[in-house]
Structures are given as C-alpha cells and as structure tokens.
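Trainee: Sharing coords-v9.cif, mmCIF, C-alpha atoms:
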```
data_query
loop_
_atom_site.label_atom_id
_atom_site.label_comp_id
_atom_site.auth_asym_id
_atom_site.auth_seq_id
_atom_site.Cartn_x
_atom_site.Cartn_y
_atom_site.Cartn_z
CA MET U 1 0.00 0.00 0.00
CA LEU U 2 1.46 3.34 -1.07
CA ILE U 3 -0.17 5.53 1.60
CA GLU U 4 1.12 4.80 5.10
CA ARG U 5 -1.26 3.13 7.51
CA ALA U 6 -1.12 6.03 9.98
CA ALA U 7 -2.21 8.43 7.24
CA LEU U 8 -5.07 6.13 6.20
CA ILE U 9 -6.30 5.98 9.78
CA GLU U 10 -6.15 9.76 10.08
CA LEU U 11 -8.04 10.20 6.81
CA SER U 12 -10.66 7.64 7.80
CA THR U 13 -11.25 9.37 11.13
CA PHE U 14 -11.43 12.74 9.38
CA GLY U 15 -14.12 11.57 6.99
CA GLN U 16 -16.19 9.83 9.63
CA ASN U 17 -16.04 12.72 12.08
CA LEU U 18 -17.23 15.19 9.47
CA GLY U 19 -20.00 12.90 8.26
CA LEU U 20 -18.91 13.64 4.71
CA LEU U 21 -19.12 10.13 3.39
CA VAL U 22 -22.71 9.13 4.08
CA PRO U 23 -25.56 10.41 6.26
CA GLU U 24 -25.45 9.24 9.87
CA LYS U 25 -28.66 7.25 9.43
CA LYS U 26 -26.81 4.88 7.13
CA ALA U 27 -25.65 1.58 8.59
CA ARG U 28 -22.06 1.20 9.75
CA GLN U 29 -21.51 -1.37 6.99
CA ASP U 30 -22.50 1.17 4.34
CA ARG U 31 -20.18 3.78 5.82
CA THR U 32 -17.31 1.32 5.89
CA ALA U 33 -17.88 0.34 2.25
CA LYS U 34 -17.97 3.96 1.15
CA MET U 35 -14.80 4.73 3.08
CA GLN U 36 -13.04 1.82 1.38
CA GLN U 37 -13.93 3.23 -2.03
CA VAL U 38 -12.77 6.75 -1.23
CA LEU U 39 -9.47 5.70 0.30
CA ALA U 40 -8.79 3.30 -2.58
CA TYR U 41 -9.50 6.10 -5.06
CA LEU U 42 -7.16 8.45 -3.21
CA GLU U 43 -4.49 5.77 -3.43
CA ALA U 44 -5.08 5.48 -7.19
CA ILE U 45 -4.68 9.23 -7.60
CA HIS U 46 -1.51 9.28 -5.52
CA VAL U 47 0.02 6.45 -7.55
CA ARG U 48 -0.16 8.71 -10.59
CA THR U 49 0.96 11.98 -8.99
CA LYS U 50 3.64 10.96 -6.47
CA LYS U 51 6.32 11.25 -9.15
CA TYR U 52 5.59 14.93 -9.79
CA SER U 53 7.80 17.59 -8.25
CA THR U 54 6.82 18.43 -4.68
CA LYS U 55 7.87 22.02 -5.31
CA ARG U 56 4.92 22.81 -7.52
CA GLU U 57 1.20 22.94 -6.89
CA LEU U 58 -0.92 19.96 -7.87
CA ILE U 59 -4.13 20.83 -9.72
CA PHE U 60 -7.11 18.48 -9.61
CA ILE U 61 -10.66 18.55 -10.93
CA GLU U 62 -13.48 16.40 -9.60
CA ALA U 63 -16.34 16.12 -12.09
CA GLY U 64 -19.83 15.25 -10.92
CA ALA U 65 -18.54 15.91 -7.43
CA GLY U 66 -21.77 15.69 -5.42
CA ASN U 67 -20.87 15.83 -1.72
CA CYS U 68 -17.18 16.15 -2.65
CA TYR U 69 -16.22 13.58 -0.03
CA LEU U 70 -13.41 12.31 -2.23
CA SER U 71 -11.95 15.75 -2.82
CA PHE U 72 -12.11 16.68 0.86
CA LEU U 73 -9.94 13.67 1.66
CA VAL U 74 -7.65 14.33 -1.32
CA TYR U 75 -7.12 17.91 -0.13
CA LYS U 76 -6.46 16.88 3.46
CA PHE U 77 -3.98 14.22 2.36
CA TYR U 78 -1.89 16.48 0.17
CA HIS U 79 -2.27 19.74 2.09
CA GLN U 80 -2.11 18.61 5.72
CA ILE U 81 -0.43 15.19 5.69
CA LEU U 82 2.10 15.59 2.87
CA ASN U 83 2.38 19.37 3.32
CA ARG U 84 2.42 20.11 -0.38
CA PRO U 85 0.43 22.73 -2.30
CA VAL U 86 -2.76 21.51 -3.96
CA ARG U 87 -5.74 23.14 -5.64
CA ILE U 88 -8.99 21.33 -6.36
CA HIS U 89 -11.95 22.39 -8.50
CA CYS U 90 -15.20 20.53 -7.81
CA ILE U 91 -17.96 20.62 -10.43
CA ASP U 92 -21.61 19.70 -9.97
CA THR U 93 -24.93 21.06 -11.24
CA ASN U 94 -26.42 21.11 -7.71
CA ALA U 95 -25.91 24.74 -6.63
CA ASP U 96 -27.14 24.22 -3.06
CA LEU U 97 -24.76 21.33 -2.57
CA MET U 98 -21.85 23.32 -3.93
CA LYS U 99 -22.62 26.17 -1.52
CA LYS U 100 -22.78 23.72 1.37
CA ASN U 101 -19.46 22.17 0.37
CA GLU U 102 -17.86 25.59 0.13
CA ARG U 103 -18.97 26.43 3.68
CA ILE U 104 -17.46 23.17 4.91
CA ALA U 105 -14.21 23.80 3.07
CA ARG U 106 -13.83 27.34 4.42
CA GLY U 107 -14.60 26.11 7.93
CA LEU U 108 -11.79 23.57 7.59
CA GLY U 109 -9.39 26.16 6.22
CA PHE U 110 -9.28 24.38 2.86
CA ASP U 111 -8.83 27.67 1.02
CA GLU U 112 -7.67 26.22 -2.30
CA MET U 113 -10.83 24.20 -2.90
CA TYR U 114 -13.24 25.80 -5.38
CA PHE U 115 -16.81 24.78 -6.13
CA HIS U 116 -18.52 25.34 -9.47
CA ALA U 117 -22.27 24.93 -9.86
CA GLU U 118 -22.40 24.16 -13.57
CA ASP U 119 -22.51 21.38 -16.11
CA ILE U 120 -19.21 19.57 -16.60
CA ALA U 121 -19.40 20.36 -20.31
CA ASP U 122 -19.45 24.11 -19.59
CA PHE U 123 -16.44 24.22 -17.26
CA GLN U 124 -13.26 25.89 -18.46
CA LEU U 125 -10.06 25.77 -16.42
CA GLY U 126 -7.53 27.55 -18.60
CA GLU U 127 -4.52 25.57 -17.37
CA ARG U 128 -3.33 21.99 -17.43
CA PRO U 129 -4.58 19.82 -14.54
CA ASP U 130 -2.59 16.96 -13.10
CA ALA U 131 -5.69 14.81 -12.81
CA ILE U 132 -9.39 14.89 -13.58
CA TYR U 133 -11.36 12.30 -11.68
CA ALA U 134 -14.96 11.18 -11.26
CA LEU U 135 -16.45 8.73 -8.79
CA HIS U 136 -19.84 7.33 -9.78
CA ALA U 137 -20.75 10.26 -12.01
CA CYS U 138 -24.23 9.50 -13.28
CA ASP U 139 -24.82 8.32 -16.85
CA MET U 140 -23.22 10.63 -19.44
CA ALA U 141 -21.46 12.66 -16.74
CA THR U 142 -18.74 10.01 -16.91
CA ASP U 143 -18.22 10.74 -20.60
CA LYS U 144 -18.25 14.47 -19.94
CA ALA U 145 -15.60 14.03 -17.26
CA LEU U 146 -13.31 12.07 -19.57
CA PHE U 147 -13.84 14.59 -22.34
CA LEU U 148 -13.06 17.42 -19.93
CA GLY U 149 -9.74 15.71 -19.36
CA LEU U 150 -9.05 15.65 -23.11
CA GLN U 151 -10.08 19.27 -23.55
CA ASN U 152 -7.78 20.44 -20.76
CA ASP U 153 -4.84 18.23 -21.75
CA ALA U 154 -4.96 16.54 -18.33
CA ARG U 155 -1.95 14.49 -17.37
CA ASN U 156 -4.27 11.86 -15.90
CA VAL U 157 -7.94 10.98 -16.14
CA LEU U 158 -9.61 8.55 -13.76
CA SER U 159 -13.21 7.40 -13.64
CA VAL U 160 -15.41 4.91 -11.85
CA SER U 161 -18.70 4.97 -13.72
CA CYS U 162 -22.11 4.64 -12.11
CA CYS U 163 -25.39 4.12 -13.94
CA GLN U 164 -25.09 3.67 -17.68
CA HIS U 165 -28.68 4.38 -18.71
CA SER U 166 -27.96 5.84 -22.14
CA PHE U 167 -25.40 3.21 -23.07
CA ARG U 168 -27.61 0.40 -21.80
CA LYS U 169 -30.56 1.56 -23.91
CA SER U 170 -28.49 1.64 -27.09
CA MET U 171 -26.62 -1.64 -26.55
CA LYS U 172 -27.81 -4.50 -28.75
CA PRO U 173 -26.02 -7.78 -28.00
CA PRO U 174 -24.86 -9.80 -31.02
CA GLU U 175 -26.71 -13.03 -31.66
CA ASN U 176 -24.09 -15.23 -30.02
CA ALA U 177 -24.37 -13.22 -26.76
CA ARG U 178 -28.12 -12.68 -26.56
CA SER U 179 -28.89 -15.64 -24.34
CA MET U 180 -26.21 -14.51 -21.93
CA ALA U 181 -27.48 -10.91 -21.93
CA ASN U 182 -31.00 -12.06 -21.11
CA HIS U 183 -29.89 -12.46 -17.49
CA THR U 184 -30.15 -9.06 -15.79
CA ILE U 185 -27.06 -9.43 -13.62
CA ILE U 186 -24.95 -10.55 -16.59
CA ARG U 187 -26.31 -7.76 -18.79
CA GLU U 188 -25.39 -5.16 -16.16
CA LYS U 189 -21.85 -6.45 -15.99
CA LEU U 190 -21.63 -6.47 -19.78
CA VAL U 191 -22.82 -2.85 -19.92
CA HIS U 192 -20.05 -1.68 -17.60
CA MET U 193 -17.32 -3.80 -19.16
CA LEU U 194 -18.21 -2.83 -22.71
CA ALA U 195 -18.72 0.89 -22.03
CA ASP U 196 -15.46 1.29 -20.11
CA SER U 197 -13.52 -0.83 -22.61
CA MET U 198 -14.69 1.39 -25.46
CA ARG U 199 -13.90 4.54 -23.47
CA ALA U 200 -10.41 3.22 -22.83
CA LEU U 201 -9.89 2.68 -26.56
CA LEU U 202 -11.11 6.21 -27.30
CA LEU U 203 -8.64 7.62 -24.76
CA GLU U 204 -5.85 5.63 -26.42
CA MET U 205 -6.77 7.29 -29.71
CA ALA U 206 -6.15 10.62 -27.96
CA GLY U 207 -2.68 9.57 -26.78
CA TYR U 208 -3.40 8.12 -23.34
CA ASN U 209 -2.00 4.91 -21.96
CA THR U 210 -5.02 3.22 -20.37
CA SER U 211 -5.86 0.43 -17.97
CA ILE U 212 -8.95 -0.83 -16.15
CA ILE U 213 -8.68 -2.31 -12.67
CA GLU U 214 -10.94 -3.15 -9.75
CA LEU U 215 -10.97 -0.19 -7.38
CA VAL U 216 -12.26 -2.26 -4.46
CA SER U 217 -13.85 -5.64 -3.92
CA SER U 218 -17.30 -6.10 -5.41
CA ARG U 219 -18.48 -6.62 -1.84
CA ALA U 220 -18.02 -2.88 -1.28
CA THR U 221 -19.75 -1.94 -4.54
CA GLU U 222 -20.56 -3.68 -7.80
CA LYS U 223 -19.65 -0.46 -9.63
CA ASN U 224 -15.98 -0.92 -8.95
CA LEU U 225 -14.17 -0.65 -12.30
CA LEU U 226 -11.58 2.13 -12.33
CA LEU U 227 -10.61 3.42 -15.77
CA ARG U 228 -7.19 5.06 -15.69
CA GLY U 229 -5.63 7.10 -18.46
CA GLU U 230 -2.16 8.62 -18.35
CA GLN U 231 -1.06 10.97 -21.09
CA ARG U 232 1.97 9.47 -22.80
CA ARG U 233 1.59 10.73 -26.38
CA ILE U 234 1.59 7.08 -27.39
CA THR U 235 1.64 6.12 -31.06
CA LEU U 236 -1.81 5.12 -32.19
CA GLN U 237 -1.92 1.50 -33.30
CA ASP U 238 -4.15 0.40 -36.17
CA LYS U 239 -5.25 -2.48 -33.94
CA THR U 240 -6.80 -0.01 -31.49
CA ILE U 241 -9.06 1.40 -34.18
CA GLU U 242 -9.88 -2.06 -35.53
CA VAL U 243 -10.91 -3.37 -32.12
CA TYR U 244 -13.01 -0.30 -31.35
CA LEU U 245 -14.85 -0.43 -34.66
CA ALA U 246 -15.45 -4.18 -34.26
CA MET U 247 -16.97 -3.67 -30.80
CA ARG U 248 -19.06 -0.77 -32.07
CA ARG U 249 -20.32 -2.83 -35.00
CA GLU U 250 -21.04 -6.02 -33.08
CA TRP U 251 -22.86 -4.37 -30.17
CA GLN U 252 -24.36 -1.48 -32.19
CA CYS U 253 -23.53 1.12 -29.57
CA SER U 254 -20.91 3.63 -28.50
CA PRO U 255 -20.28 5.76 -25.40
CA ARG U 256 -21.20 9.43 -25.63
CA LEU U 257 -17.49 10.22 -25.38
CA GLU U 258 -17.24 9.22 -29.03
CA GLN U 259 -19.63 11.97 -30.12
CA TYR U 260 -17.89 14.55 -27.95
CA MET U 261 -14.57 13.66 -29.57
CA LEU U 262 -16.09 13.69 -33.06
CA ASP U 263 -17.54 17.17 -32.50
CA ALA U 264 -14.18 18.43 -31.24
CA GLU U 265 -12.30 16.73 -34.10
CA LEU U 266 -10.20 14.68 -31.68
CA LEU U 267 -10.54 11.35 -33.48
CA PRO U 268 -8.30 10.05 -36.30
CA VAL U 269 -9.59 10.71 -39.80
CA ASN U 270 -9.87 7.03 -40.68
CA ILE U 271 -12.15 6.27 -37.73
CA VAL U 272 -14.27 9.32 -38.51
CA HIS U 273 -14.78 8.01 -42.04
CA ALA U 274 -15.65 4.54 -40.72
CA ILE U 275 -18.17 5.91 -38.22
CA ASN U 276 -19.82 8.19 -40.77
CA SER U 277 -19.96 5.59 -43.54
#
```
Could you show the structure in this file as structure tokens?
Mentor:
Amino acid sequence: MLIERAALIELSTFGQNLGLLVPEKKARQDRTAKMQQVLAYLEAIHVRTKKYSTKRELIFIEAGAGNCYLSFLVYKFYHQILNRPVRIHCIDTNADLMKKNERIARGLGFDEMYFHAEDIADFQLGERPDAIYALHACDMATDKALFLGLQNDARNVLSVSCCQHSFRKSMKPPENARSMANHTIIREKLVHMLADSMRALLLEMAGYNTSIIELVSSRATEKNLLLRGEQRRITLQDKTIEVYLAMRREWQCSPRLEQYMLDAELLPVNIVHAINS
C-alpha cells in the first residue's frame, strides 16, 4: 500500500467525524464500504501523482462531485499530511450542494478548494490539470468528465462509472451473446465492461495509456471498475481502431465520449470516415 497506515487511519477518522461520506442514518456497513472506495481512489490518484515535483502545486478537478467527499480527503492528504500545495476544483450542477461544500471547506481552512455549480461540459479551467477524476458520475457525466480531461490536456484521467442508462438503452447484444445478456445481472456487468472498454480505446486514440482495474472488492460496490488514463503521447496502433470499430459494430452502440470527440475533431480521420460511412 502506497499511503502509510497512519495516514489512512487519520483520513478515515477525518471523513467519519465530518459525516462527509454518508448520512449518519446509514448503517455502519454502508459507511465502511464507502470509506473503502474513497481511500482506494485516493491511493489510485496518488500512484499517478507521487512522481511529480513536490515544489509545484498539484491541480485536480473532480467532475460530478456531489458531496465532494473524495476531494475533501484528497485535499487533506496532500495539504495537511504531505504538506504540499494543492488546488482542487469541484464541479456539480447542484448549486445548493456546492454552496454547502464551500462552507465546509472554508470552515476547515481548505482555502484552495473551489466549487462550481455548472454542467461539466461548460467548465473551463484555462490551465493543465494533473488529474481529472470522477467517482460514480451519473450516466453521461462520466463521458463528460473524460472529455473534460481531453479538452484540458490533463496528465491523468480517472473514472469509476455509475449508472449507464444511455449506453444500456443503445446496446444490442450480437446473436451469439443474446442468451447470456437475457440475465439481468450478466447484462449489467456487460454494460459496464463494454462501455469502459470502449472509453479506454477512445482515450488511447487521444494519446493516453489506459488500464482498467478493480478499485475495491465487489463486496463494497458492484460499480468498482476504475478506468485510468495517463497521457503518454503514445503512437496510435491500427489495432486499437480495428478493435473499437469491431466492438461498435457487433454491439451497435458507443459511449457518448465518441460523439464529444467527433464534434471536437479529436478522433483520427480514418475512424471518422468509418463511423460516418
């Protein structure tokens, strides 16, 4: 484990004492599961940023931030435990929630946390972030978060998707998978695996080295796939395009990220021609 045990205990106590993770009426088991997810996500962020110079400020964006529980722990970890400068922008359409989070942040002395009550697609940073992350951003908010990373030339993008309503509706299993997809639990797993796999391929087309891992055990949450993208300016392989187009053709669907990238002219010409043909 990259983060020392003493720091994890301090972070866990911090989150529980503030009641940031879940309402008090929730069962202890639910609170523990949520804490596991947040601490595991913090670890995933730190894995990607620990190599950056400690002399400069880290810049993060949380998209679809909600209660901002993840960002509060991220800020505490970097600012108070590691004693390094950090700035975090949290984006969510819920204005009341953003005002509440701002009051909490100011009360804690977290002065470099900023809260934006707007759609992810409308946010403009104007400088390069070290990481853009989203934890269970609903439906197309996941695609917006990933696209925000592309637009802002983020060094890292990380996402654990939540509901996939739009993708699920459009997905049409090929004949040889229909009997399998008839089972609800299997279909749900297929939706998440297929959507995140296609998103990973799209990120690779934009120069990111990608991977998908389990954030936590499925006992903590079934929505536990973490998509990680690190900007490496990698050379696009023809195989990447071939695999993406094959998946798109066989399942007759695509994540909304594809359309965002098409509109912004961020996809290779040959895939644009194949999609439009």
Trainee: Could you tell me, as a PyMOL selection string, exactly which residues end up selected when the PyMOL selection byres ((chain U and resi 143-152) around 7) is applied to this structure?
Mentor: chain U and resi 63+120-121+127-128+132+134+140-142+153-154+157+256-257+260
Trainee: Scan for residues within 12 Å of the point (-8.9, 3.4, -5.0) in the coordinates of the file, using all atoms listed in the file, and reply as number ranges by chain.
Mentor: U: 1-3, 33-48, 70, 74, 133-135, 158-160, 212-217, 220, 224-228
Trainee: Considering all atoms listed in the file, state which residue in the set U:Ala264, U:Cys163, U:Met113, U:Ile9 is at the smallest distance from Glu188 (chain U).
Mentor: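 Ranked by minimum distance to Glu188 (chain U), first place goes to U:Cys163.
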Trainee: May I ask for the distance between CA of Asp130 (chain U) and CA of Leu58 (chain U), given in Å to one decimal place?
Mentor: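 Distance between the two atoms: 6.3 Å.
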Trainee: For a quick check of understanding, using all atoms listed in the file, which of U:Asn276, U:Ser254, U:Thr49, U:Thr240 has the smallest distance to Glu204 (chain U)?
Mentor: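 Looking only at the distances to Glu204 (chain U), the closest residue turns out to be U:Thr240.
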Trainee: If we count only C-alpha atoms and set the cut-off at 9 Å, which residues sit around region 75-85 of chain U, ignoring sequence neighbours fewer than 6 positions away in its own chain? Please answer as JSON, numbers by chain.
Mentor: {"U": [7, 11, 14, 42, 54, 55, 56, 57, 58, 59, 110, 112, 113]}
Trainee: Can you pull out the residues contacting Glu242 (chain U)? Cut-off 12 Å, using all atoms listed in the file, and skip same-chain residues under 3 positions away; I want them as number ranges by chain.
Mentor: U: 198, 201-202, 205, 236-239, 245-249, 270-271, 274-275
Trainee: Please, what distance in Å, to one decimal, runs between CA of Ile234 (chain U) and CA of Gly207 (chain U)?
Mentor: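 CA of Ile234 (chain U) sits 5.0 Å away from CA of Gly207 (chain U).
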Trainee: As a check of understanding, name the residues that the PyMOL selection byres ((chain U and resi 111) around 10) selects in the supplied structure, as a PyMOL selection string.
Mentor: chain U and resi 75+86-88+102+105-110+112-114
Trainee: Which residue gives the smallest distance to Tyr69 (chain U) among U:Ala95, U:Ile186, U:Leu18, U:Met180, with all atoms listed in the file counted?
Mentor: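 That would be U:Leu18, the residue with the smallest distance to Tyr69 (chain U).
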Trainee: Please compute the CA of Met261 (chain U)-CA of Glu175 (chain U) distance, one decimal, in Å.
Mentor: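 So the answer is 29.4 Å.
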Trainee: Return the single residue from U:Ala200, U:Val191, U:Ala206, U:Leu8 that is closest to Leu73 (chain U), with distances computed using all atoms listed in the file.
Mentor: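 Of U:Ala200, U:Val191, U:Ala206, U:Leu8, the one nearest Leu73 (chain U), counting all atoms listed in the file, is U:Leu8.
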Trainee: Counting only C-alpha atoms, which of U:His273, U:Arg103, U:Arg5, U:Arg168 gets nearest to Ile241 (chain U)?
Mentor: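 Among the listed residues, U:His273 lies closest to Ile241 (chain U).
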Trainee: Would you please work out which residue, of U:Asn101, U:Tyr208, U:Pro255, U:Leu190, is nearest to Arg178 (chain U) when using all atoms listed in the file?
Mentor: U:Leu190
